[in-house]
$ cat coords16.cif   # mmCIF, C-alpha atoms
data_entry
#
loop_
_atom_site.label_atom_id
_atom_site.label_comp_id
_atom_site.auth_asym_id
_atom_site.auth_seq_id
_atom_site.Cartn_x
_atom_site.Cartn_y
_atom_site.Cartn_z
CA MET M 1 8.11 22.21 18.69
CA GLU M 2 5.76 20.04 16.64
CA VAL M 3 7.24 21.44 13.40
CA VAL M 4 10.75 20.53 14.56
CA GLU M 5 9.63 16.99 15.41
CA ASP M 6 8.02 16.64 11.98
CA GLN M 7 11.20 17.83 10.30
CA LYS M 8 13.26 15.45 12.41
CA PHE M 9 11.00 12.53 11.48
CA SER M 10 11.27 13.47 7.80
CA GLN M 11 15.07 13.48 7.99
CA GLN M 12 15.12 10.09 9.69
CA LYS M 13 12.84 8.69 7.00
CA ASN M 14 14.80 10.18 4.08
CA ARG M 15 18.23 9.20 5.39
CA TRP M 16 18.01 5.80 3.67
CA MET M 17 18.47 7.38 0.24
CA TYR M 18 22.13 8.16 1.04
CA ILE M 19 23.05 4.48 1.16
CA PRO M 20 22.22 3.59 -2.49
CA LEU M 21 23.72 6.90 -3.67
CA GLY M 22 26.97 6.17 -1.85
CA LEU M 23 26.90 2.52 -2.93
CA ILE M 24 26.80 3.39 -6.65
CA ILE M 25 29.47 6.08 -6.26
CA PHE M 26 31.71 3.54 -4.53
CA MET M 27 30.93 1.02 -7.26
CA CYS M 28 32.52 3.43 -9.75
CA MET M 29 35.54 4.12 -7.58
CA GLY M 30 36.01 0.44 -6.75
CA THR M 31 36.86 -0.45 -10.36
CA VAL M 32 40.49 -0.68 -9.19
CA TYR M 33 39.53 -4.12 -7.89
CA ALA M 34 39.11 -5.24 -11.50
CA TRP M 35 42.78 -4.46 -12.20
CA SER M 36 43.64 -8.16 -12.53
CA ILE M 37 41.52 -8.17 -15.73
CA PHE M 38 43.90 -5.58 -17.24
CA ARG M 39 47.05 -7.18 -15.85
CA LYS M 40 47.91 -9.82 -18.47
CA PRO M 41 47.01 -7.63 -21.50
CA VAL M 42 49.20 -4.87 -20.04
CA GLU M 43 52.07 -7.34 -19.48
CA GLU M 44 51.83 -8.51 -23.10
CA LEU M 45 51.59 -5.03 -24.63
CA PHE M 46 54.49 -3.54 -22.66
CA GLY M 47 56.54 -6.76 -22.29
CA ILE M 48 56.83 -6.46 -18.52
CA SER M 49 57.01 -8.84 -15.53
CA ALA M 50 54.34 -9.75 -12.96
CA THR M 51 55.95 -7.45 -10.41
CA GLN M 52 55.94 -4.53 -12.86
CA SER M 53 52.34 -5.10 -13.98
CA GLY M 54 51.26 -4.69 -10.36
CA LEU M 55 52.81 -1.21 -10.10
CA PRO M 56 49.83 0.79 -11.46
CA TYR M 57 47.54 -1.08 -9.04
CA MET M 58 49.95 -0.52 -6.14
CA ALA M 59 50.42 3.17 -7.05
CA PHE M 60 46.63 3.63 -7.18
CA LEU M 61 46.16 2.13 -3.71
CA VAL M 62 49.07 4.04 -2.17
CA SER M 63 48.00 7.38 -3.69
CA TYR M 64 44.47 6.71 -2.50
CA ALA M 65 45.68 5.97 1.04
CA VAL M 66 48.01 8.98 1.22
CA LEU M 67 45.27 11.43 0.18
CA MET M 68 42.73 10.02 2.66
CA PRO M 69 44.03 11.74 5.83
CA ILE M 70 44.49 15.02 3.95
CA ALA M 71 41.02 14.93 2.42
CA GLY M 72 39.49 13.67 5.66
CA GLY M 73 40.27 16.98 7.34
CA MET M 74 38.60 18.90 4.50
CA ILE M 75 35.23 17.12 4.32
CA ASP M 76 33.64 19.09 7.16
CA LYS M 77 34.97 22.35 5.71
CA TYR M 78 33.90 21.92 2.07
CA GLY M 79 31.08 19.40 2.47
CA PRO M 80 30.62 15.89 1.06
CA ARG M 81 29.13 17.06 -2.25
CA LYS M 82 32.14 19.14 -3.37
CA MET M 83 34.66 16.58 -2.15
CA THR M 84 32.97 13.69 -3.94
CA ILE M 85 32.56 15.58 -7.23
CA SER M 86 36.14 16.86 -7.25
CA GLY M 87 37.53 13.45 -6.39
CA GLY M 88 35.30 11.72 -8.92
CA LEU M 89 36.42 14.03 -11.72
CA LEU M 90 40.06 13.36 -10.84
CA VAL M 91 39.40 9.61 -11.00
CA SER M 92 37.88 9.99 -14.46
CA ILE M 93 40.85 12.09 -15.65
CA GLY M 94 43.26 9.41 -14.42
CA TRP M 95 41.46 6.65 -16.30
CA LEU M 96 41.09 8.77 -19.44
CA LEU M 97 44.79 9.67 -19.52
CA ALA M 98 45.71 6.03 -18.92
CA GLY M 99 44.15 5.31 -22.31
CA PHE M 100 46.98 7.26 -23.98
CA SER M 101 49.78 5.26 -22.31
CA PRO M 102 50.80 3.23 -25.41
CA GLU M 103 51.74 6.48 -27.19
CA ILE M 104 53.91 7.50 -24.22
CA ASN M 105 55.25 4.71 -21.95
CA PHE M 106 54.46 2.36 -19.07
CA ALA M 107 55.55 4.96 -16.49
CA PHE M 108 52.75 7.21 -17.75
CA LEU M 109 50.24 4.41 -17.03
CA ILE M 110 51.53 4.27 -13.45
CA PHE M 111 51.24 8.05 -13.15
CA SER M 112 47.82 8.47 -14.77
CA TYR M 113 45.92 5.41 -13.60
CA GLY M 114 47.88 5.00 -10.37
CA ILE M 115 48.78 8.43 -9.00
CA ILE M 116 46.02 10.60 -10.49
CA GLY M 117 43.20 8.03 -10.34
CA GLY M 118 44.20 6.93 -6.86
CA ALA M 119 44.36 10.52 -5.62
CA GLY M 120 40.81 11.06 -6.88
CA VAL M 121 39.52 8.09 -4.92
CA GLY M 122 41.43 9.28 -1.85
CA ILE M 123 39.74 12.68 -2.07
CA ALA M 124 36.24 11.33 -2.67
CA TYR M 125 36.26 8.14 -0.59
CA GLY M 126 35.69 9.57 2.88
CA ALA M 127 32.72 11.77 1.95
CA PRO M 128 29.94 9.24 1.17
CA MET M 129 31.22 7.11 4.04
CA ALA M 130 31.05 10.04 6.47
CA VAL M 131 27.54 10.84 5.20
CA ALA M 132 26.44 7.28 6.06
CA ALA M 133 28.12 7.36 9.47
CA LYS M 134 26.57 10.73 10.44
CA TRP M 135 23.07 9.89 9.23
CA PHE M 136 23.13 6.52 11.03
CA PRO M 137 24.79 7.02 14.44
CA ASP M 138 22.54 4.23 15.74
CA LYS M 139 23.70 1.75 13.05
CA LYS M 140 27.22 2.89 12.15
CA GLY M 141 28.70 -0.46 11.19
CA LEU M 142 25.73 -1.61 9.14
CA ALA M 143 25.19 1.72 7.33
CA VAL M 144 28.87 2.25 6.50
CA GLY M 145 29.19 -1.41 5.50
CA MET M 146 26.20 -1.22 3.15
CA THR M 147 27.47 2.00 1.56
CA LEU M 148 31.02 0.70 1.14
CA GLY M 149 29.57 -2.49 -0.30
CA GLY M 150 29.55 -0.72 -3.65
CA PHE M 151 33.35 -0.58 -3.65
CA GLY M 152 33.54 -4.32 -3.16
CA LEU M 153 30.73 -5.14 -5.58
CA SER M 154 32.28 -3.02 -8.31
CA PRO M 155 34.05 -5.86 -10.17
CA LEU M 156 30.70 -7.67 -10.42
CA VAL M 157 29.79 -5.04 -13.02
CA THR M 158 33.12 -3.61 -14.11
CA ALA M 159 35.11 -6.85 -14.60
CA PRO M 160 32.85 -8.28 -17.35
CA LEU M 161 32.42 -4.79 -18.84
CA ALA M 162 36.19 -4.23 -18.87
CA ASN M 163 36.79 -7.73 -20.26
CA TRP M 164 34.25 -7.07 -23.07
CA LEU M 165 35.89 -3.74 -23.91
CA ILE M 166 39.38 -5.29 -23.81
CA ASP M 167 38.35 -8.16 -26.10
CA GLY M 168 36.65 -5.84 -28.58
CA TYR M 169 38.76 -2.70 -28.49
CA GLY M 170 41.83 -3.29 -26.32
CA PRO M 171 42.66 -2.26 -22.73
CA PHE M 172 43.42 1.37 -23.50
CA VAL M 173 40.11 2.11 -25.17
CA ALA M 174 38.54 0.48 -22.11
CA PHE M 175 40.36 2.99 -19.89
CA LYS M 176 38.98 5.91 -21.92
CA VAL M 177 35.38 4.68 -22.02
CA ILE M 178 35.28 3.89 -18.30
CA GLY M 179 36.87 7.24 -17.43
CA ILE M 180 34.22 9.22 -19.33
CA ALA M 181 31.42 7.18 -17.72
CA PHE M 182 32.79 7.91 -14.24
CA ALA M 183 32.75 11.69 -14.80
CA ILE M 184 29.05 11.61 -15.63
CA ILE M 185 27.82 9.07 -13.05
CA ILE M 186 29.76 10.28 -9.99
CA THR M 187 28.96 13.96 -10.60
CA ILE M 188 25.20 13.39 -10.91
CA LEU M 189 24.95 11.07 -7.89
CA SER M 190 27.03 13.38 -5.69
CA LEU M 191 24.63 16.31 -5.96
CA PRO M 192 22.22 15.20 -3.16
CA LEU M 193 24.99 14.37 -0.65
CA LYS M 194 24.92 16.37 2.60
CA PHE M 195 25.29 15.95 6.35
CA PRO M 196 22.26 16.05 8.66
CA ASP M 197 21.36 19.26 10.46
CA GLU M 198 22.84 18.86 13.95
CA GLU M 199 19.63 20.08 15.57
CA LEU M 200 17.45 17.68 13.60
CA GLY M 201 19.79 14.69 13.14
CA VAL M 202 19.28 11.17 14.42
CA GLU M 203 20.36 10.71 18.00
CA ASP M 204 22.88 8.05 18.96
CA GLU M 205 21.27 5.23 20.91
CA ASP M 206 24.57 4.34 22.59
CA ASP M 207 25.28 6.82 25.38
CA PHE M 208 28.84 5.56 25.78
CA GLU M 209 29.77 6.20 22.15
CA ALA M 210 27.96 9.54 22.15
CA LYS M 211 30.22 10.84 24.95
CA ILE M 212 33.48 9.91 23.18
CA ASP M 213 35.29 12.88 21.63
CA ILE M 214 38.92 12.05 20.81
CA ASP M 215 40.72 14.28 18.34
CA THR M 216 43.41 13.05 15.96
CA LYS M 217 46.36 14.17 18.06
CA SER M 218 45.00 12.40 21.12
CA MET M 219 44.10 9.32 19.07
CA LEU M 220 47.71 8.98 17.93
CA ASN M 221 48.77 8.64 21.57
CA THR M 222 46.54 5.63 22.29
CA PRO M 223 47.55 1.93 22.09
CA VAL M 224 44.22 1.22 20.36
CA PHE M 225 45.20 3.35 17.37
CA TYR M 226 48.39 1.35 16.77
CA GLY M 227 46.67 -1.97 17.37
CA LEU M 228 43.91 -1.03 14.93
CA TRP M 229 46.42 0.33 12.41
CA ILE M 230 48.56 -2.84 12.41
CA THR M 231 45.58 -5.18 12.21
CA TYR M 232 44.26 -3.07 9.33
CA ILE M 233 47.59 -3.48 7.50
CA ILE M 234 47.42 -7.26 7.87
CA GLY M 235 43.78 -7.48 6.78
CA THR M 236 44.19 -5.23 3.74
CA LEU M 237 47.58 -6.67 2.73
CA THR M 238 46.04 -10.13 2.47
CA GLY M 239 42.88 -8.97 0.72
CA LEU M 240 44.52 -6.58 -1.75
CA MET M 241 47.14 -9.15 -2.65
CA ALA M 242 44.41 -11.74 -3.34
CA ILE M 243 42.41 -9.27 -5.43
CA GLY M 244 45.46 -8.24 -7.45
CA ILE M 245 46.31 -11.83 -8.41
CA ALA M 246 42.82 -13.39 -8.59
CA SER M 247 42.68 -13.57 -12.38
CA PRO M 248 46.28 -14.74 -13.06
CA VAL M 249 46.06 -17.36 -10.29
CA GLY M 250 42.91 -18.69 -11.90
CA GLU M 251 44.65 -18.93 -15.28
CA GLU M 252 48.16 -20.04 -14.23
CA VAL M 253 47.50 -22.25 -11.21
CA VAL M 254 44.00 -23.62 -11.79
CA GLY M 255 44.06 -23.63 -15.57
CA LEU M 256 41.03 -21.40 -16.27
CA GLU M 257 40.59 -19.57 -19.55
CA ALA M 258 40.77 -15.75 -19.51
CA ARG M 259 36.99 -15.34 -19.74
CA GLN M 260 36.44 -17.87 -16.95
CA ALA M 261 38.95 -16.04 -14.76
CA ALA M 262 37.18 -12.74 -15.49
CA PHE M 263 33.87 -14.32 -14.51
CA MET M 264 35.40 -15.53 -11.23
CA VAL M 265 36.58 -12.00 -10.45
CA SER M 266 32.99 -10.83 -10.87
CA PHE M 267 31.81 -13.70 -8.67
CA PHE M 268 34.35 -12.84 -5.95
CA ALA M 269 33.16 -9.23 -6.01
CA ILE M 270 29.84 -10.38 -4.54
CA PHE M 271 31.71 -11.56 -1.44
CA ASN M 272 33.77 -8.39 -1.24
CA GLY M 273 30.52 -6.43 -1.28
CA ILE M 274 28.59 -8.49 1.25
CA GLY M 275 31.62 -8.70 3.53
CA ARG M 276 31.13 -5.06 4.46
CA PRO M 277 27.61 -5.18 5.93
CA ILE M 278 28.31 -8.61 7.46
CA PHE M 279 31.44 -7.52 9.31
CA GLY M 280 29.92 -4.10 10.00
CA TRP M 281 27.10 -5.88 11.81
CA ILE M 282 29.54 -8.15 13.67
CA THR M 283 31.52 -5.07 14.74
CA ASP M 284 28.35 -3.36 16.02
CA ARG M 285 27.06 -6.50 17.73
CA TYR M 286 30.18 -8.12 19.18
CA SER M 287 32.94 -5.45 19.10
CA PRO M 288 35.85 -4.68 16.74
CA LYS M 289 38.07 -7.18 18.57
CA TRP M 290 35.94 -10.22 17.79
CA ALA M 291 35.17 -9.04 14.26
CA ALA M 292 38.95 -8.90 13.67
CA VAL M 293 39.60 -12.31 15.21
CA SER M 294 36.85 -13.98 13.17
CA SER M 295 38.25 -12.40 9.98
CA TYR M 296 41.76 -13.68 10.64
CA ILE M 297 40.52 -17.20 11.31
CA LEU M 298 38.81 -17.18 7.91
CA ILE M 299 42.01 -15.88 6.25
CA ILE M 300 44.00 -18.78 7.72
CA ILE M 301 41.42 -21.25 6.40
CA ALA M 302 41.54 -19.67 2.92
CA SER M 303 45.35 -19.72 2.89
CA LEU M 304 45.44 -23.42 3.78
CA LEU M 305 42.87 -24.18 1.07
CA MET M 306 45.03 -22.49 -1.59
CA LEU M 307 48.12 -24.39 -0.46
CA ILE M 308 46.40 -27.66 -1.39
CA ALA M 309 44.92 -26.30 -4.61
CA GLY M 310 46.29 -27.13 -8.03
CA GLU M 311 45.37 -27.42 -11.68
CA GLY M 312 41.72 -28.30 -12.09
CA ASN M 313 40.78 -27.45 -8.49
CA ALA M 314 38.41 -24.68 -9.49
CA PHE M 315 36.12 -25.29 -6.51
CA ILE M 316 38.90 -24.93 -3.93
CA TYR M 317 40.23 -21.86 -5.73
CA GLY M 318 36.75 -20.33 -5.84
CA LEU M 319 36.07 -21.03 -2.17
CA ALA M 320 39.44 -19.71 -0.98
CA PHE M 321 39.34 -16.50 -3.01
CA ALA M 322 35.71 -15.87 -2.08
CA ILE M 323 36.86 -15.93 1.56
CA PHE M 324 39.79 -13.60 0.82
CA TRP M 325 37.54 -11.08 -0.95
CA LEU M 326 34.91 -11.37 1.80
CA ASN M 327 37.53 -10.45 4.38
CA LEU M 328 38.92 -7.48 2.50
CA GLY M 329 35.38 -6.17 2.37
CA GLY M 330 35.11 -6.98 6.05
CA TRP M 331 38.15 -4.91 7.01
CA LEU M 332 36.84 -1.94 5.07
CA ALA M 333 33.83 -2.00 7.39
CA ILE M 334 35.48 -3.12 10.66
CA VAL M 335 37.91 -0.20 10.85
CA PRO M 336 35.51 2.60 9.79
CA ALA M 337 33.02 1.38 12.41
CA ALA M 338 35.77 0.84 14.99
CA THR M 339 36.99 4.41 14.43
CA ALA M 340 33.62 5.78 15.55
CA ILE M 341 33.31 3.24 18.38
CA PHE M 342 36.75 3.92 19.84
CA PHE M 343 37.23 7.63 19.06
CA GLY M 344 33.75 9.13 18.50
CA ASP M 345 32.01 10.94 15.63
CA LYS M 346 33.17 14.53 15.98
CA HIS M 347 36.62 14.01 14.39
CA TYR M 348 35.60 10.91 12.47
CA SER M 349 36.66 11.89 8.93
CA LYS M 350 40.17 12.99 9.90
CA ASN M 351 40.69 10.13 12.39
CA TYR M 352 39.72 7.50 9.86
CA GLY M 353 41.91 9.19 7.25
CA TYR M 354 44.96 8.58 9.44
CA LEU M 355 43.97 4.98 10.10
CA PHE M 356 43.47 4.48 6.37
CA THR M 357 47.20 4.97 5.75
CA ALA M 358 47.41 1.30 6.81
CA TYR M 359 45.65 0.47 3.54
CA GLY M 360 48.52 2.01 1.58
CA VAL M 361 51.11 0.08 3.56
CA GLY M 362 49.15 -3.12 2.94
CA ALA M 363 48.96 -2.32 -0.79
CA ILE M 364 52.74 -1.85 -1.08
CA PHE M 365 53.73 -5.00 0.78
CA GLY M 366 50.93 -7.11 -0.69
CA ASN M 367 51.89 -6.28 -4.26
CA PHE M 368 55.61 -6.69 -3.56
CA ILE M 369 55.23 -10.08 -1.85
CA SER M 370 53.00 -11.61 -4.51
CA GLY M 371 54.94 -10.20 -7.46
CA ARG M 372 58.39 -11.16 -6.17
CA LEU M 373 57.37 -14.68 -5.15
CA ARG M 374 55.81 -15.21 -8.59
CA ASP M 375 58.89 -13.92 -10.42
CA VAL M 376 61.43 -15.79 -8.26
CA LEU M 377 59.63 -19.09 -7.57
CA GLY M 378 57.48 -19.28 -10.68
CA THR M 379 54.09 -19.57 -8.96
CA TYR M 380 51.69 -17.49 -6.89
CA LEU M 381 51.01 -20.38 -4.50
CA TYR M 382 53.87 -19.41 -2.18
CA THR M 383 52.08 -16.15 -1.35
CA PHE M 384 49.67 -18.07 0.88
CA TYR M 385 52.30 -18.99 3.47
CA PRO M 386 52.82 -15.36 4.59
CA THR M 387 49.07 -14.68 4.58
CA ALA M 388 48.47 -17.51 7.07
CA ILE M 389 51.35 -16.42 9.30
CA LEU M 390 50.31 -12.75 9.31
CA ALA M 391 46.72 -13.68 10.16
CA GLY M 392 47.98 -15.59 13.21
CA ILE M 393 49.93 -12.52 14.33
CA GLY M 394 46.83 -10.39 13.73
CA ILE M 395 44.75 -12.54 16.10
CA ILE M 396 47.23 -11.91 18.92
CA ILE M 397 47.34 -8.13 18.32
CA ALA M 398 43.54 -7.88 18.10
CA ILE M 399 43.00 -9.73 21.38
CA PHE M 400 45.46 -7.58 23.32
CA PHE M 401 44.96 -4.12 21.77
CA LEU M 402 41.44 -3.70 20.36
CA ASP M 403 39.74 -2.78 23.59
CA ASN M 404 38.20 0.45 24.94
CA GLU M 405 40.28 0.03 28.08
CA LYS M 406 43.41 0.64 25.99
CA ILE M 407 42.30 4.18 25.13
CA ALA M 408 44.55 5.85 27.62
#
$ encode --input "coords16.cif" --output "structure tokens"
Amino acid sequence: MEVVEDQKFSQQKNRWMYIPLGLIIFMCMGTVYAWSIFRKPVEELFGISATQSGLPYMAFLVSYAVLMPIAGGMIDKYGPRKMTISGGLLVSIGWLLAGFSPEINFAFLIFSYGIIGGAGVGIAYGAPMAVAAKWFPDKKGLAVGMTLGGFGLSPLVTAPLANWLIDGYGPFVAFKVIGIAFAIIITILSLPLKFPDEELGVEDEDDFEAKIDIDTKSMLNTPVFYGLWITYIIGTLTGLMAIGIASPVGEEVVGLEARQAAFMVSFFAIFNGIGRPIFGWITDRYSPKWAAVSSYILIIIASLLMLIAGEGNAFIYGLAFAIFWLNLGGWLAIVPAATAIFFGDKHYSKNYGYLFTAYGVGAIFGNFISGRLRDVLGTYLYTFYPTAILAGIGIIIAIFFLDNEKIA
């Protein structure tokens, strides 16, 4: 008995190493959030419109979201190590192939970077997150938020790196270099990943959550699932749209130079990263409902700020987009934590995979809205009317649907 207790204590002590491992893995996979750095060079090289230049980004996010529910059901079977390595290698292949797009065509860039790279993230994404959730049943929101923080913080490192590579060697050499780096880094850091031994794992301090055991089929019959799914669409639509246009808005609306806009993308990444533990903690402390409502209020404020912004208003632009990026990070912690809170841990990976399809829907509509408004009306500023309206709708849905009493 004493040996078992010693082993249990050792596991509880060592569990903290999985957070920095997952954080760095997510930092590699989150390089998609630096897409706006590639956007204008890609437009110039291929001679395409703003709507078209968003297609690789949109394809990446959709592919990523589609693969999540499929991969989510395989994590328990194959383990987090194999899933993360296989997904990471697919990401690197996608980026590497994207580097050969000029010799082929723009459609190949969509396929390689978007479909292949996105599929790799979809396969790998759930594994480090599930590791964090299972090692920290007593701090789900905080642990998942800290781990996922790497995804949001990624542009802090990758945006200036990508900008340096683009300036020196062009965007397609940058794709190749980054792809090779991913293969090495993700593979090495994935090797220690594993789930805790059920007999020695950390016990959940919340008796109510510990008793919840709702499988995916049952989850799909609850009002909470649809409320959470729709609010997730709204939150990610707004955030992904803001991330996809952050650099061109800085250049076209505010009048920043390309290097200044790239720096701002790195700056915004800090908020995307810290948004995850912040909103994870709010979700743990006050409930998913109030975390969602607080996020939507901030989105409305950011939208209104951008509607009064103009050339030279770098401070307003910086404040508004920092809020947008903070909230995208927030939603990528609110819903993973809410999935465990509402539906339990046993079917967590698969349940969250189905909820994550909302991310793909948000990616499609976010890219379409921003691209079409820019092409038709000549400015990205009009995109901030729908973001404010959708956030208001989100508040209403969150208040009425994100409640344990609706699980019936």
$ atom_distance --input "coords16.cif" --atom1 "atom CA of Phe384 of chain M" --atom2 "atom CA of Ala302 of chain M"
8.5 Å
$ atom_distance --input "coords16.cif" --atom1 "atom CA of Ile214 of chain M" --atom2 "atom CA of Pro69 of chain M"
15.8 Å
$ residues_around --input "coords16.cif" --residues "segment 270-283 of chain M" --least-positions-apart "3" --cutoff "10 Å" --atoms "only C-alpha atoms" --output "ChimeraX atom specification"
/M:23,27,33,139-156,239,243,265-267,286-292,294-295,321-338,341
$ resolve_selection --input "coords16.cif" --expression "the PyMOL selection byres ((chain M and resi 115) around 10)" --output "count of residues only"
23
$ residues_around --input "coords16.cif" --residues "Asn367 of chain M" --least-positions-apart "5" --cutoff "9 Å" --atoms "only C-alpha atoms" --output "NGL selection string"
:M and (51 or 54-55 or 57-58 or 237 or 240-241 or 244-245 or 362 or 372)
